[in-house]
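J.: Okay, so here is coords08.txt, and as you'll see once you scroll down, it has compact mmCIF, N, CA and C atoms.
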```txt
# COMPACT_ATOMS: atom_id res chain seq x y z
N MET A 236 82.55 97.94 143.70
CA MET A 236 83.84 97.36 143.42
C MET A 236 84.29 97.61 141.99
N ALA A 237 83.77 98.64 141.37
CA ALA A 237 84.07 98.91 139.96
C ALA A 237 85.54 99.19 139.72
N ASP A 238 86.29 99.63 140.73
CA ASP A 238 87.70 99.94 140.53
C ASP A 238 88.61 98.75 140.81
N ARG A 239 88.04 97.61 141.09
CA ARG A 239 88.84 96.43 141.41
C ARG A 239 88.68 95.39 140.31
N PRO A 240 89.67 94.48 140.20
CA PRO A 240 89.60 93.45 139.14
C PRO A 240 88.34 92.60 139.25
N ARG A 241 87.61 92.48 138.13
CA ARG A 241 86.40 91.65 138.08
C ARG A 241 86.55 90.67 136.93
N HIS A 242 86.02 89.50 137.16
CA HIS A 242 86.06 88.46 136.13
C HIS A 242 84.70 87.78 136.07
N SER A 243 84.29 87.40 134.87
CA SER A 243 83.04 86.66 134.69
C SER A 243 83.31 85.37 133.95
N LEU A 244 82.70 84.30 134.41
CA LEU A 244 82.81 82.98 133.78
C LEU A 244 81.40 82.43 133.60
N SER A 245 81.06 82.09 132.37
CA SER A 245 79.76 81.47 132.10
C SER A 245 79.93 79.96 132.02
N LEU A 246 78.96 79.24 132.53
CA LEU A 246 78.99 77.79 132.43
C LEU A 246 77.57 77.24 132.40
N ARG A 247 77.44 76.06 131.83
CA ARG A 247 76.15 75.38 131.73
C ARG A 247 76.04 74.36 132.87
N ILE A 248 74.83 74.21 133.38
CA ILE A 248 74.58 73.23 134.43
C ILE A 248 74.30 71.88 133.78
N TYR A 249 75.07 70.87 134.19
CA TYR A 249 74.92 69.52 133.67
C TYR A 249 74.25 68.62 134.71
N TYR A 250 73.79 67.49 134.26
CA TYR A 250 73.13 66.51 135.14
C TYR A 250 74.00 66.21 136.36
N GLU A 251 75.30 66.06 136.15
CA GLU A 251 76.22 65.72 137.25
C GLU A 251 76.29 66.79 138.33
N ASP A 252 75.84 68.03 138.02
CA ASP A 252 75.86 69.12 138.99
C ASP A 252 74.62 69.15 139.87
N THR A 253 73.63 68.31 139.55
CA THR A 253 72.33 68.40 140.20
C THR A 253 72.08 67.26 141.19
N ASP A 254 71.04 67.45 141.98
CA ASP A 254 70.60 66.38 142.87
C ASP A 254 69.43 65.66 142.19
N PHE A 255 68.76 64.80 142.90
CA PHE A 255 67.68 63.99 142.32
C PHE A 255 66.52 64.83 141.79
N SER A 256 66.39 66.08 142.22
CA SER A 256 65.27 66.93 141.78
C SER A 256 65.58 67.72 140.51
N GLY A 257 66.83 67.69 140.06
CA GLY A 257 67.23 68.47 138.89
C GLY A 257 67.77 69.84 139.24
N ALA A 258 67.76 70.19 140.54
CA ALA A 258 68.34 71.47 140.99
C ALA A 258 69.82 71.25 141.29
N VAL A 259 70.59 72.31 141.17
CA VAL A 259 72.03 72.22 141.46
C VAL A 259 72.22 71.85 142.93
N TYR A 260 73.02 70.83 143.16
CA TYR A 260 73.39 70.39 144.51
C TYR A 260 74.23 71.49 145.15
N HIS A 261 73.99 71.79 146.42
CA HIS A 261 74.63 72.94 147.06
C HIS A 261 76.16 72.92 146.96
N ALA A 262 76.79 71.76 147.07
CA ALA A 262 78.25 71.69 147.01
C ALA A 262 78.79 71.97 145.61
N SER A 263 77.96 71.84 144.59
CA SER A 263 78.42 72.14 143.22
C SER A 263 78.82 73.60 143.08
N TYR A 264 78.18 74.49 143.83
CA TYR A 264 78.54 75.90 143.76
C TYR A 264 79.98 76.12 144.20
N LEU A 265 80.46 75.31 145.13
CA LEU A 265 81.86 75.43 145.56
C LEU A 265 82.81 75.15 144.40
N ARG A 266 82.48 74.13 143.58
CA ARG A 266 83.30 73.84 142.39
C ARG A 266 83.19 74.96 141.37
N PHE A 267 82.00 75.50 141.17
CA PHE A 267 81.82 76.60 140.22
C PHE A 267 82.64 77.82 140.65
N PHE A 268 82.59 78.14 141.94
CA PHE A 268 83.33 79.29 142.45
C PHE A 268 84.83 79.05 142.35
N GLU A 269 85.27 77.84 142.64
CA GLU A 269 86.70 77.50 142.53
C GLU A 269 87.17 77.67 141.09
N ARG A 270 86.41 77.16 140.15
CA ARG A 270 86.76 77.27 138.74
C ARG A 270 86.86 78.74 138.33
N ALA A 271 85.92 79.55 138.79
CA ALA A 271 85.92 80.97 138.44
C ALA A 271 87.14 81.69 139.04
N ARG A 272 87.53 81.34 140.27
CA ARG A 272 88.71 81.96 140.87
C ARG A 272 89.97 81.59 140.09
N THR A 273 90.05 80.35 139.65
CA THR A 273 91.21 79.91 138.87
C THR A 273 91.28 80.67 137.56
N GLU A 274 90.15 80.84 136.88
CA GLU A 274 90.13 81.57 135.61
C GLU A 274 90.40 83.06 135.81
N TRP A 275 89.96 83.60 136.94
CA TRP A 275 90.25 85.00 137.29
C TRP A 275 91.77 85.20 137.37
N LEU A 276 92.45 84.30 138.08
CA LEU A 276 93.91 84.39 138.17
C LEU A 276 94.56 84.20 136.80
N ARG A 277 94.09 83.24 136.04
CA ARG A 277 94.66 82.95 134.73
C ARG A 277 94.53 84.17 133.80
N ASP A 278 93.38 84.84 133.86
CA ASP A 278 93.18 86.02 133.01
C ASP A 278 94.09 87.18 133.39
N MET A 279 94.61 87.17 134.60
CA MET A 279 95.58 88.18 135.01
C MET A 279 97.01 87.74 134.68
N GLY A 280 97.14 86.56 134.06
CA GLY A 280 98.46 86.08 133.67
C GLY A 280 99.14 85.23 134.72
N PHE A 281 98.38 84.77 135.72
CA PHE A 281 98.97 83.95 136.77
C PHE A 281 98.45 82.53 136.67
N ASP A 282 99.34 81.62 136.39
CA ASP A 282 99.02 80.22 136.17
C ASP A 282 99.31 79.43 137.45
N GLN A 283 98.30 78.76 137.99
CA GLN A 283 98.49 78.03 139.25
C GLN A 283 99.47 76.87 139.11
N ARG A 284 99.55 76.24 137.96
CA ARG A 284 100.51 75.15 137.77
C ARG A 284 101.93 75.68 137.91
N THR A 285 102.20 76.85 137.32
CA THR A 285 103.53 77.45 137.43
C THR A 285 103.86 77.73 138.89
N ALA A 286 102.90 78.24 139.64
CA ALA A 286 103.13 78.52 141.06
C ALA A 286 103.41 77.23 141.82
N PHE A 287 102.68 76.18 141.51
CA PHE A 287 102.85 74.90 142.19
C PHE A 287 104.20 74.27 141.86
N GLU A 288 104.67 74.47 140.62
CA GLU A 288 105.94 73.88 140.19
C GLU A 288 107.15 74.75 140.55
N ALA A 289 106.92 75.97 141.04
CA ALA A 289 108.01 76.86 141.44
C ALA A 289 108.76 76.28 142.62
N ARG A 290 109.96 76.76 142.82
CA ARG A 290 110.75 76.34 143.98
C ARG A 290 111.05 77.54 144.83
N PRO A 291 110.48 77.65 146.02
CA PRO A 291 109.53 76.73 146.63
C PRO A 291 108.14 76.88 146.00
N PRO A 292 107.35 75.81 146.02
CA PRO A 292 106.01 75.87 145.42
C PRO A 292 105.07 76.74 146.27
N VAL A 293 104.11 77.36 145.58
CA VAL A 293 103.08 78.15 146.24
C VAL A 293 101.74 77.52 145.89
N THR A 294 100.93 77.29 146.90
CA THR A 294 99.59 76.77 146.69
C THR A 294 98.59 77.71 147.37
N PHE A 295 97.33 77.53 147.04
CA PHE A 295 96.28 78.37 147.62
C PHE A 295 95.26 77.48 148.32
N VAL A 296 94.82 77.93 149.49
CA VAL A 296 93.80 77.20 150.23
C VAL A 296 92.71 78.17 150.68
N VAL A 297 91.48 77.67 150.70
CA VAL A 297 90.37 78.45 151.22
C VAL A 297 90.44 78.36 152.74
N THR A 298 90.47 79.53 153.39
CA THR A 298 90.53 79.54 154.85
C THR A 298 89.20 79.98 155.47
N ARG A 299 88.36 80.62 154.67
CA ARG A 299 87.05 81.06 155.16
C ARG A 299 86.10 81.13 153.98
N LEU A 300 84.85 80.71 154.22
CA LEU A 300 83.85 80.71 153.16
C LEU A 300 82.49 80.98 153.78
N SER A 301 81.79 81.95 153.21
CA SER A 301 80.42 82.24 153.61
C SER A 301 79.60 82.27 152.33
N ILE A 302 78.53 81.49 152.28
CA ILE A 302 77.73 81.41 151.06
C ILE A 302 76.25 81.54 151.39
N GLU A 303 75.55 82.27 150.55
CA GLU A 303 74.10 82.42 150.68
C GLU A 303 73.46 81.92 149.39
N TYR A 304 72.58 80.94 149.55
CA TYR A 304 71.85 80.39 148.40
C TYR A 304 70.52 81.12 148.31
N ARG A 305 70.22 81.70 147.15
CA ARG A 305 69.00 82.49 147.01
C ARG A 305 67.93 81.79 146.18
N ARG A 306 68.32 81.20 145.07
CA ARG A 306 67.40 80.53 144.16
C ARG A 306 68.11 79.31 143.60
N PRO A 307 67.37 78.27 143.27
CA PRO A 307 68.03 77.09 142.67
C PRO A 307 68.31 77.29 141.18
N ALA A 308 69.46 76.84 140.75
CA ALA A 308 69.73 76.73 139.31
C ALA A 308 69.31 75.32 138.92
N GLN A 309 68.92 75.15 137.67
CA GLN A 309 68.40 73.88 137.18
C GLN A 309 69.28 73.34 136.05
N MET A 310 69.14 72.06 135.81
CA MET A 310 69.85 71.41 134.72
C MET A 310 69.60 72.19 133.41
N ASP A 311 70.66 72.39 132.65
CA ASP A 311 70.68 73.09 131.37
C ASP A 311 70.67 74.61 131.48
N ASP A 312 70.53 75.17 132.68
CA ASP A 312 70.67 76.63 132.84
C ASP A 312 72.09 77.03 132.46
N VAL A 313 72.25 78.24 131.96
CA VAL A 313 73.57 78.85 131.78
C VAL A 313 73.67 79.91 132.87
N ILE A 314 74.69 79.79 133.69
CA ILE A 314 74.89 80.75 134.77
C ILE A 314 76.22 81.47 134.58
N THR A 315 76.34 82.61 135.21
CA THR A 315 77.57 83.39 135.18
C THR A 315 78.08 83.53 136.60
N ILE A 316 79.36 83.26 136.77
CA ILE A 316 80.02 83.45 138.06
C ILE A 316 80.89 84.70 137.94
N ASP A 317 80.56 85.73 138.72
CA ASP A 317 81.36 86.95 138.77
C ASP A 317 82.27 86.87 139.98
N THR A 318 83.52 87.24 139.79
CA THR A 318 84.51 87.25 140.86
C THR A 318 85.05 88.66 141.00
N ASP A 319 84.97 89.21 142.20
CA ASP A 319 85.46 90.56 142.49
C ASP A 319 86.45 90.49 143.65
N LEU A 320 87.53 91.22 143.52
CA LEU A 320 88.49 91.34 144.61
C LEU A 320 87.96 92.33 145.64
N ILE A 321 87.94 91.91 146.88
CA ILE A 321 87.60 92.82 147.98
C ILE A 321 88.88 93.38 148.57
N GLU A 322 89.85 92.47 148.81
CA GLU A 322 91.09 92.90 149.47
C GLU A 322 92.22 91.92 149.16
N ALA A 323 93.42 92.47 148.99
CA ALA A 323 94.64 91.66 148.86
C ALA A 323 95.64 92.19 149.87
N ARG A 324 96.11 91.31 150.74
CA ARG A 324 97.07 91.74 151.75
C ARG A 324 97.86 90.55 152.25
N GLY A 325 99.11 90.78 152.55
CA GLY A 325 99.95 89.74 153.14
C GLY A 325 99.88 88.44 152.38
N ALA A 326 99.35 87.42 153.04
CA ALA A 326 99.27 86.08 152.44
C ALA A 326 97.87 85.77 151.92
N GLY A 327 96.97 86.77 151.90
CA GLY A 327 95.61 86.41 151.56
C GLY A 327 94.89 87.33 150.59
N LEU A 328 93.85 86.75 150.01
CA LEU A 328 92.91 87.46 149.15
C LEU A 328 91.52 87.26 149.73
N VAL A 329 90.72 88.30 149.71
CA VAL A 329 89.31 88.18 150.06
C VAL A 329 88.54 88.50 148.78
N LEU A 330 87.67 87.58 148.37
CA LEU A 330 86.95 87.71 147.12
C LEU A 330 85.45 87.61 147.34
N ALA A 331 84.70 88.35 146.54
CA ALA A 331 83.24 88.22 146.50
C ALA A 331 82.92 87.50 145.21
N GLN A 332 82.07 86.49 145.30
CA GLN A 332 81.65 85.77 144.10
C GLN A 332 80.13 85.69 144.07
N ARG A 333 79.59 85.80 142.86
CA ARG A 333 78.15 85.80 142.68
C ARG A 333 77.80 84.91 141.50
N ALA A 334 76.84 84.03 141.69
CA ALA A 334 76.31 83.19 140.60
C ALA A 334 74.98 83.78 140.19
N SER A 335 74.82 84.03 138.88
CA SER A 335 73.59 84.64 138.37
C SER A 335 73.07 83.86 137.16
N ARG A 336 71.78 83.87 137.03
CA ARG A 336 71.12 83.36 135.83
C ARG A 336 70.45 84.58 135.23
N GLY A 337 71.06 85.12 134.17
CA GLY A 337 70.59 86.40 133.64
C GLY A 337 70.80 87.46 134.69
N GLU A 338 69.75 88.21 135.01
CA GLU A 338 69.82 89.25 136.04
C GLU A 338 69.53 88.72 137.44
N GLU A 339 69.10 87.47 137.54
CA GLU A 339 68.71 86.89 138.83
C GLU A 339 69.91 86.31 139.56
N VAL A 340 70.19 86.82 140.75
CA VAL A 340 71.28 86.30 141.58
C VAL A 340 70.79 85.02 142.25
N ILE A 341 71.56 83.93 142.07
CA ILE A 341 71.13 82.67 142.67
C ILE A 341 71.97 82.24 143.86
N ALA A 342 73.23 82.73 143.93
CA ALA A 342 74.07 82.43 145.10
C ALA A 342 75.16 83.49 145.19
N GLU A 343 75.55 83.82 146.43
CA GLU A 343 76.64 84.77 146.66
C GLU A 343 77.56 84.20 147.72
N ALA A 344 78.85 84.48 147.57
CA ALA A 344 79.83 83.98 148.53
C ALA A 344 80.90 85.02 148.78
N GLU A 345 81.46 84.97 149.99
CA GLU A 345 82.68 85.72 150.30
C GLU A 345 83.70 84.69 150.72
N ILE A 346 84.86 84.72 150.08
CA ILE A 346 85.85 83.66 150.24
C ILE A 346 87.21 84.28 150.56
N THR A 347 87.86 83.76 151.56
CA THR A 347 89.23 84.15 151.88
C THR A 347 90.15 83.02 151.47
N VAL A 348 91.18 83.37 150.71
CA VAL A 348 92.14 82.40 150.20
C VAL A 348 93.52 82.81 150.70
N ALA A 349 94.29 81.84 151.19
CA ALA A 349 95.65 82.10 151.67
C ALA A 349 96.65 81.41 150.76
N SER A 350 97.81 82.04 150.59
CA SER A 350 98.90 81.41 149.84
C SER A 350 99.82 80.72 150.84
N LEU A 351 100.19 79.49 150.48
CA LEU A 351 101.05 78.67 151.33
C LEU A 351 102.25 78.16 150.56
N SER A 352 103.32 77.91 151.30
CA SER A 352 104.47 77.21 150.77
C SER A 352 104.96 76.28 151.87
N ALA A 353 105.12 75.02 151.53
CA ALA A 353 105.52 74.01 152.51
C ALA A 353 104.56 74.00 153.71
N GLY A 354 103.28 74.26 153.44
CA GLY A 354 102.27 74.20 154.48
C GLY A 354 102.22 75.42 155.38
N ARG A 355 103.00 76.45 155.08
CA ARG A 355 103.03 77.65 155.91
C ARG A 355 102.61 78.87 155.09
N PRO A 356 101.91 79.82 155.72
CA PRO A 356 101.52 81.03 155.00
C PRO A 356 102.74 81.79 154.48
N VAL A 357 102.63 82.27 153.25
CA VAL A 357 103.67 83.11 152.64
C VAL A 357 102.99 84.29 151.96
N ARG A 358 103.72 85.37 151.82
CA ARG A 358 103.17 86.53 151.13
C ARG A 358 102.69 86.13 149.75
N LEU A 359 101.64 86.82 149.30
CA LEU A 359 101.15 86.56 147.95
C LEU A 359 102.29 86.76 146.96
N PRO A 360 102.39 85.89 145.97
CA PRO A 360 103.46 86.04 144.98
C PRO A 360 103.45 87.42 144.33
N ARG A 361 104.65 87.94 144.10
CA ARG A 361 104.80 89.26 143.49
C ARG A 361 104.03 89.37 142.18
N ALA A 362 104.02 88.29 141.39
CA ALA A 362 103.32 88.31 140.10
C ALA A 362 101.82 88.61 140.28
N ILE A 363 101.22 88.06 141.33
CA ILE A 363 99.80 88.33 141.58
C ILE A 363 99.60 89.77 142.00
N MET A 364 100.43 90.25 142.91
CA MET A 364 100.29 91.63 143.38
C MET A 364 100.49 92.61 142.23
N GLN A 365 101.46 92.34 141.34
CA GLN A 365 101.67 93.21 140.18
C GLN A 365 100.49 93.16 139.23
N ALA A 366 99.93 91.97 139.00
CA ALA A 366 98.77 91.83 138.11
C ALA A 366 97.57 92.56 138.70
N LEU A 367 97.37 92.46 140.01
CA LEU A 367 96.25 93.16 140.65
C LEU A 367 96.43 94.67 140.53
N SER A 368 97.63 95.15 140.73
CA SER A 368 97.90 96.59 140.61
C SER A 368 97.69 97.07 139.19
N ALA A 369 98.18 96.30 138.21
CA ALA A 369 98.04 96.68 136.80
C ALA A 369 96.57 96.69 136.39
N THR A 370 95.81 95.68 136.83
CA THR A 370 94.40 95.59 136.47
C THR A 370 93.62 96.73 137.10
N THR A 371 93.93 97.05 138.35
CA THR A 371 93.25 98.15 139.04
C THR A 371 93.57 99.48 138.36
N ALA A 372 94.82 99.68 137.98
CA ALA A 372 95.22 100.92 137.30
C ALA A 372 94.53 101.04 135.94
N ALA A 373 94.44 99.95 135.21
CA ALA A 373 93.80 99.97 133.89
C ALA A 373 92.32 100.31 134.00
N ARG A 374 91.67 99.81 135.02
CA ARG A 374 90.24 100.09 135.22
C ARG A 374 90.01 101.53 135.61
N ALA A 375 90.99 102.14 136.29
CA ALA A 375 90.86 103.53 136.75
C ALA A 375 90.94 104.50 135.57
N ASN A 376 91.61 104.10 134.50
CA ASN A 376 91.77 104.98 133.32
C ASN A 376 90.59 104.96 132.40
```
Starting from the file, give its structure as structure tokens.
T.:
Amino acid sequence: MADRPRHSLSLRIYYEDTDFSGAVYHASYLRFFERARTEWLRDMGFDQRTAFEARPPVTFVVTRLSIEYRRPAQMDDVITIDTDLIEARGAGLVLAQRASRGEEVIAEAEITVASLSAGRPVRLPRAIMQALSATTAARAN
């Protein structure tokens, strides 16, 4: 996926992210991946608040999620969430996300996100499609 937009977000694991054993609770990865997707969009110049406040507003929802947990992350670990675009079409994005501790992959996910307005699917906003095209073109050079 070297020719597609990639984003990396580093974060530290806090007590609140863990279960009673000190390992990251499985649902915490969903929050980590969500945060990374938001920052991925922001780094392309697309602000979700602006989309939500637009008329008509555009929101994003996860319509499909597949996750594989490989190794536990522990309290105080610093992990990196990589986000890669697999596909952008119509009203949706398909993204691959990976959580790593150094070189060790600890979780991987494939996530489909749909854009909605008034509860109905709508084409991805032009600003996102332009940002994806610009980022892809810049990586190709």
J.: Using only C-alpha atoms, can you tell me which of A:Asp252, A:Glu345, A:Asp282, A:Glu288 comes closest to A:Asp319?
T.: A:Glu345
J.: What are the DSSP strand (DSSP E or B) residues of stretch 256-324 of chain A, as a list of chain:residue names?
T.: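 Taking stretch 256-324 of chain A and keeping strand (DSSP E or B) only, one gets A:Ala258, A:Val259, A:Thr294, A:Phe295, A:Val296, A:Val297, A:Thr298, A:Arg299, A:Leu300, A:Ser301, A:Ile302, A:Glu303, A:Tyr304, A:Gln309, A:Val313, A:Ile314, A:Thr315, A:Ile316, A:Asp317, A:Thr318, A:Asp319, A:Leu320, A:Ile321, A:Glu322, A:Ala323, A:Arg324.
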J.: So what do you get for atom CA of A:Ala366 versus atom N of A:Ile346, distance-wise?
T.: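 Separating atom CA of A:Ala366 from atom N of A:Ile346 is a distance of 19.7 Å.
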J.: What is the distance between atom CA of A:Ala349 and atom N of A:Ile314, in Å to one decimal?
T.: 27.7 Å
J.: Kindly extract all protein, DNA and RNA residues lying within 6 Å of the coordinates (101.5, 77.5, 148.2) given in the file, considering only C-alpha atoms, and supply them as a list in words.
T.: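 Every polymer residue passing the test: Pro292, Val293, Thr294, Phe295, Ser350, Leu351 and Ser352 of chain A.
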J.: Considering only helix (DSSP H, G or I) as DSSP defines it on the backbone, what residues of chain A qualify? List them as a PyMOL selection string.
T.: chain A and resi 250-252+263-278+283-288+361-375
J.: Can you work out which one of A:Gln365, A:Thr347, A:Thr318, A:Ser301 has the shortest atom-to-atom distance to A:Leu244, counting only N, CA and C atoms?
T.: A:Thr318
